[in-house]
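Below is one structure; the comments refer to it alone.
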Amino acid sequence: MLMESSDLFKTDYNLNYYTPVYEDIIKLPLIDVLTHYISPIELHKKIQSCSKLITGKNKLSQDQLKCCFLQPPLVPDYKTFDVDLLYELIRHLCSIPRPTQGWGIEPRCTDIKISDDIERLRQFRNNMYICPPQVSGRKNEEVLISLSYVFQRFQHFTKNRNNYNYKQELKQIVLEKLEYKYPKKEKQLDEQLALLLSQLSEKKDEPVISLHGAEEAKIGSAIQFNVDKKSAKPPGWSFNWPKNITCATEPIDISQKEDNGSNSRQLIIRCVSKEDEEKYHTFLSRESNEPPCFDFLDITTERGITIKYKVLECSPQLHKMTWAKNGESLCFKNKKYVGGGLKDGFITITSPTIADRGTYLCTVTNAVGSVSKSLKLDVPKSVIVTSSKVVYGSKTVFKPLMSSIPSPFGVEWQNSIDGQNFGCINVNDPKFEGSSQNPKSPLLVITNTTFDDVLHYRLRVWNTIGESFSNTLRINVIKNTPIQYFFYKPDQDFDHFHYVYNLIRNCESRVENINLIKEQKNNLMPKDVFIKIGIVGNFHEDNLHLISRGTWKETISEDQQIWNISPHLCFQNELPLKSVLKIVGKVGARHRVVIKSDAICKEAEQTADSITIVGKNKQNIKKTITICLEEPFHQILKNWLEKFRNQSLTKVASEIIAEIKEIRKHLDFEKSKLTTGISGLQGSGIEFIVPDNVKVFLFRMSCVYSFGIWGSSSFKVYVQKETDENKIKKELLNINNDFFNTFHLKIVKGKFVQRKTLKQGDPLLSCKQNESELYNAGTLGGFVRKNDNKRKIYALTCNHIFPEEKQLAYAKDSKGFREMGTCVFTTREKACDFAAIELNDSFLDVCDVTVRRDDNKKVNAKLYTKNLRNVGLVHKIGAATNVTSGRIISLEYYDKEMDSHCLDNLFLVKGLNGPFSEEGDSGSLVFNRPNSVLQNYVNVLGMVYAQSITINYDDDDDDDQHRLSAACNVADNISVCYRIHTALELFKKNQGEGFDVKFQDDLSVTLSSSLQSLRSEDSIDIS
């Protein structure tokens, strides 16, 4: 049905004006259907009996239940229900046939059961809410027309049962909803709407049909219905035969009745039965309610300009296709234009010239309406986008932005001295290496820009219609110091910075907890930062590889955090050193580094104007950059310590101060190499801090349990309850007064009881049961391998887990615990608690002997044999608590109960923000990070074997075990550790002459870096 648009809908309005109108209109037939099947009084009982609406997947919302599920005697008002609620109630409570396509699926135009129209109304309503914000008057009229067909069927289906005159309601609702928007047009609105509805009801442009046939027939006889022969079927329309079933309709499949003579114009029932008793009628409906659908496919220029198009199959009964240029119809008589018909699929503009530029409009029409598409043919347009200021000696790139329909046929780069007379540029000249005259992606590159290149540049481009020129750009070459910036991720390129950064960041959270740096809480140490490094002057890509392995970025997103120190580097390359220093001197940056072309400069030098000079050595370059990056760390830690000095020190504050001091140790790079194996340990010794005469005296005193250095300035002696404190203190001061002037002497009545950290079910098990009849369990700390036989591998753990040799050891993999080897050495000599397990051959290939550091990356391991004064923070990886960090609170601790005849010491570690070890962590290796820029190894210091418990005899005199336990308190997350190099030396002596082992230390820097991303799951988990 096509009509002229009324004045009412000629203006485009916001869809929000119309949506309430349609919302109220489409509710009307839904209310009628629901009322026919279920009265409002019965609704509560019906809902109560339908579990799907109460608790099912499609249950009603609380707001919906409040509206419809009213406790009797209250009765709901169907007029207050929205479309969604009416739809759900009809779908689940009314005996209506399932829609042809199913519930929730949009019906086809030929689907006309009442359930199809119910689904159609819901789909229509939903589509109205997701339409664009503007709707044209024509579109609004089409919506009303579409609704009219649905309403006609509802009016017929619910004849004599409906509560509404849909035509009158439509008028009234539109008036009520739109009147306040257009108060001056009330009369006009009434007249226009009345005219529109009259047209809808009269169906002026619809074909008129009539049906003839008997109204009564005997059972068993035949009956025939015929469409009036004068009613010709117009194109785009089809006949449908439905019959009424109560309040619903059921379409009749004519194809199944063709054998008895039925077709679209007649319906024959050969043998009437009781089931055939109903009302029969026929509908003449459009085969499609959709306008045409077509699109342009391609534009070619082989012979003129050919526009290819396709009308899609979903556009039946097409009437015509028309073409226009700039609003005027095309003339196909003079053969300027070829094709352009519905079946052609193309239109060709022959012999195109500049006169053929313009906007071409194609319109396709069918019975429903028409659709138009346009395209603009023109000469190409191009704009050169580049900076007009170019640094002398740098690369200049001209890259145009282009648009052209049809596609460009050719391009030509041009330049000019005066901007008037242009000539062609020979892009094959080496000076313009990398340039391109490809019409699809033209590019002009000046590889080494000089003052001779100060010219005017433009691009000539043409297609089959004509040619055009881009904008003209004149470059200005300036003698300046170019700086290009690159961005690096610390965890990939600057390991030492990344490690110390995280130490300080973790400490910051504890400092903030005691409210000392509230003014510094504004993202002082964000979680992820990028490092920004400026490269001054000319450089090669090989230069960049001296900084990183190739993981730099030239740009990052705006929301990424950048570290506030940005070193600027300049590579000497072929320039004289004086020239490089002069260039760098013009850069206004705090940290400026010149990298010489040779590696003769071993250590960094500094000029009078604070420019650092370093040789072409990757490690020295990284070290210099890292020192620059870590400069703020010193100030941050210093500020924290100064703030603590102005506070009353609590126990927590004292712990944080000690942690800060340990972190500061990591900011001093080491200058000497460390021992990698245990060979040569004999006679080398360790530089002890506690004097021998003090150790000998305390070992002889029977009242002394243990003693050692505590922190950095105390010396504690744990003694029996009856000990005369003054006497022992006086004797110690007489023995070595100088030592006790440095370390304050404290006598403590009590002792450390070392609780072995065993726990059932941890990854390493012994076949021997302990006193609790549980199998000894602990941690497999690490591996060493024999120097002359790499297939001889030994797992390291504790003596109290494997107190006897030849015990079998079990480790856990994906299949459970299985035998991994046999204990070949175990000892408690020289303050050690050490055992070595020789691995079975079957276990070697699935064993990963590489040491991992605290971030789980694989690295080399070096045996640390010096004293522990400057090691900083330490770490361990245990079976129970995984990775933990701590600080050494006693770097020399002597326990007489461990070995009363041994002068070798233990060391005590206190965990940061929690225990350093717990039950099940026995055997964990204790290591620290080196003060080295590469960070491709760790220093192995010792092994965890116990937790400490302090027993203070002043608390209770009763020796009863229960009371003794009550008087015990865990010594503030302290773990007892022994030095691993001492244990390995004992192992070497036990195995005989020529036996030597070491940790894995032969990973190259490159290989170590490539392995860093591997996780522990890459092999069977036995560590």
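Within each chain, counting starts at residue 1; across the structure tokens, chains are named A, B, ... in the order shown, with ligands numbered 1 upward in that order.
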*asked:* as a VMD selection string, please: the residues near Glu659 of chain A (cut-off 10 Å, only C-alpha atoms, same-chain neighbours under 2 positions excluded).
replied: chain A and resid 503 to 504 507 653 to 657 661 to 664 872 to 873 886 to 888 912
Worksheet item: Which residues come within 12 Å of Ser702 of chain A, counting only C-alpha atoms, excluding same-chain residues fewer than 5 positions away, as a ChimeraX atom specification?
Response: /A:696-697,718-720,722-723,728,896-897,900
Take the residues from that selection and put them in a file with C-alpha atoms, as a PDB file, in the first residue's frame.
ATOM      1  CA  VAL A 696      86.627 -19.541  72.688  1.00  0.00           C
ATOM      2  CA  PHE A 697      85.653 -18.019  76.024  1.00  0.00           C
ATOM      3  CA  TYR A 718      71.796 -16.431  75.735  1.00  0.00           C
ATOM      4  CA  VAL A 719      72.526 -17.926  79.175  1.00  0.00           C
ATOM      5  CA  GLN A 720      70.985 -20.129  81.844  1.00  0.00           C
ATOM      6  CA  GLU A 722      71.124 -18.852  87.333  1.00  0.00           C
ATOM      7  CA  THR A 723      73.952 -17.098  85.444  1.00  0.00           C
ATOM      8  CA  ILE A 728      80.057 -12.720  82.498  1.00  0.00           C
ATOM      9  CA  LYS A 896      76.592 -24.656  71.389  1.00  0.00           C
ATOM     10  CA  GLU A 897      73.793 -27.220  71.372  1.00  0.00           C
ATOM     11  CA  SER A 900      79.723 -27.537  71.213  1.00  0.00           C
TER      12      SER A 900
END
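Counting only C-alpha atoms and comparing A:Asp848, A:Asp904, A:Glu574, A:Asp495, the residue that lies closest to Ser597 of chain A is A:Glu574.
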- Message: Taking 2 positions as the minimum chain separation for residues in the same chain, which residues sit within 7 Å of Asp854 of chain A when counting only C-alpha atoms? Answer as a PyMOL selection string.
- Response: chain A and resi 852+856+875+883
Once you have the residues from the selection above, write them out as a PDB file, in the first residue's frame, restricted to C-alpha atoms.
ATOM      1  CA  ARG A 852      65.640 -19.996  39.975  1.00  0.00           C
ATOM      2  CA  ASN A 856      61.053 -17.634  39.192  1.00  0.00           C
ATOM      3  CA  HIS A 875      65.239 -14.840  49.497  1.00  0.00           C
ATOM      4  CA  VAL A 883      59.032 -17.391  47.654  1.00  0.00           C
TER       5      VAL A 883
END
(request) May I have the residues within 6 Å of segment 539-552 of chain A as a list in words, using only C-alpha atoms and disregarding those fewer than 3 positions away in the same chain? (result) Phe487, Tyr488, Asp493 and Lys618 of chain A
re atom CA of Phe571 of chain A and atom CA of Gln935 of chain A: distance 24.7 Å
Mind checking which residues fall within 6 Å of Ser470 of chain A, counting only C-alpha atoms, ignoring those fewer than 2 positions away in the same chain, and posting them as a PDB file with all heavy atoms, in the first residue's frame?
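Final output, saved to out-v2.pdb:
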ATOM      1  N   SER A 382      44.878  14.692  -2.763  1.00  0.00           N
ATOM      2  CA  SER A 382      46.033  14.243  -1.973  1.00  0.00           C
ATOM      3  C   SER A 382      46.557  15.391  -1.132  1.00  0.00           C
ATOM      4  O   SER A 382      46.519  16.555  -1.554  1.00  0.00           O
ATOM      5  CB  SER A 382      47.148  13.703  -2.875  1.00  0.00           C
ATOM      6  OG  SER A 382      47.564  14.686  -3.799  1.00  0.00           O
ATOM      7  N   VAL A 383      47.013  15.048   0.077  1.00  0.00           N
ATOM      8  CA  VAL A 383      47.577  16.031   1.009  1.00  0.00           C
ATOM      9  C   VAL A 383      48.859  15.458   1.577  1.00  0.00           C
ATOM     10  O   VAL A 383      48.870  14.325   2.092  1.00  0.00           O
ATOM     11  CB  VAL A 383      46.596  16.363   2.153  1.00  0.00           C
ATOM     12  CG1 VAL A 383      47.235  17.339   3.122  1.00  0.00           C
ATOM     13  CG2 VAL A 383      45.298  16.917   1.595  1.00  0.00           C
ATOM     14  N   ARG A 458      55.768  18.642  -4.063  1.00  0.00           N
ATOM     15  CA  ARG A 458      54.349  18.339  -4.235  1.00  0.00           C
ATOM     16  C   ARG A 458      54.227  16.996  -4.976  1.00  0.00           C
ATOM     17  O   ARG A 458      55.203  16.457  -5.505  1.00  0.00           O
ATOM     18  CB  ARG A 458      53.630  19.445  -4.998  1.00  0.00           C
ATOM     19  CG  ARG A 458      53.931  19.476  -6.489  1.00  0.00           C
ATOM     20  CD  ARG A 458      53.158  20.597  -7.188  1.00  0.00           C
ATOM     21  NE  ARG A 458      53.345  20.561  -8.646  1.00  0.00           N
ATOM     22  CZ  ARG A 458      52.847  21.466  -9.483  1.00  0.00           C
ATOM     23  NH1 ARG A 458      52.130  22.479  -9.003  1.00  0.00           N
ATOM     24  NH2 ARG A 458      53.048  21.361 -10.791  1.00  0.00           N
ATOM     25  N   LEU A 459      52.994  16.491  -5.028  1.00  0.00           N
ATOM     26  CA  LEU A 459      52.709  15.222  -5.691  1.00  0.00           C
ATOM     27  C   LEU A 459      51.657  15.438  -6.776  1.00  0.00           C
ATOM     28  O   LEU A 459      50.595  16.007  -6.525  1.00  0.00           O
ATOM     29  CB  LEU A 459      52.185  14.188  -4.675  1.00  0.00           C
ATOM     30  CG  LEU A 459      51.790  12.824  -5.249  1.00  0.00           C
ATOM     31  CD1 LEU A 459      53.020  12.071  -5.749  1.00  0.00           C
ATOM     32  CD2 LEU A 459      51.057  11.986  -4.201  1.00  0.00           C
TER      33      LEU A 459
END
Residue list (alpha helix (DSSP H), DSSP) for segment 335-521 of chain A, as number ranges by chain = A: 490-493, 495-513
* **Nearby residues (only C-alpha atoms) at most 12 Å from Pro632 of chain A, same-chain spacing under 3 positions excluded, as a PyMOL selection string** => chain A and resi 497+500-501+504+524-525+563-566+626-629+635-639+664+667
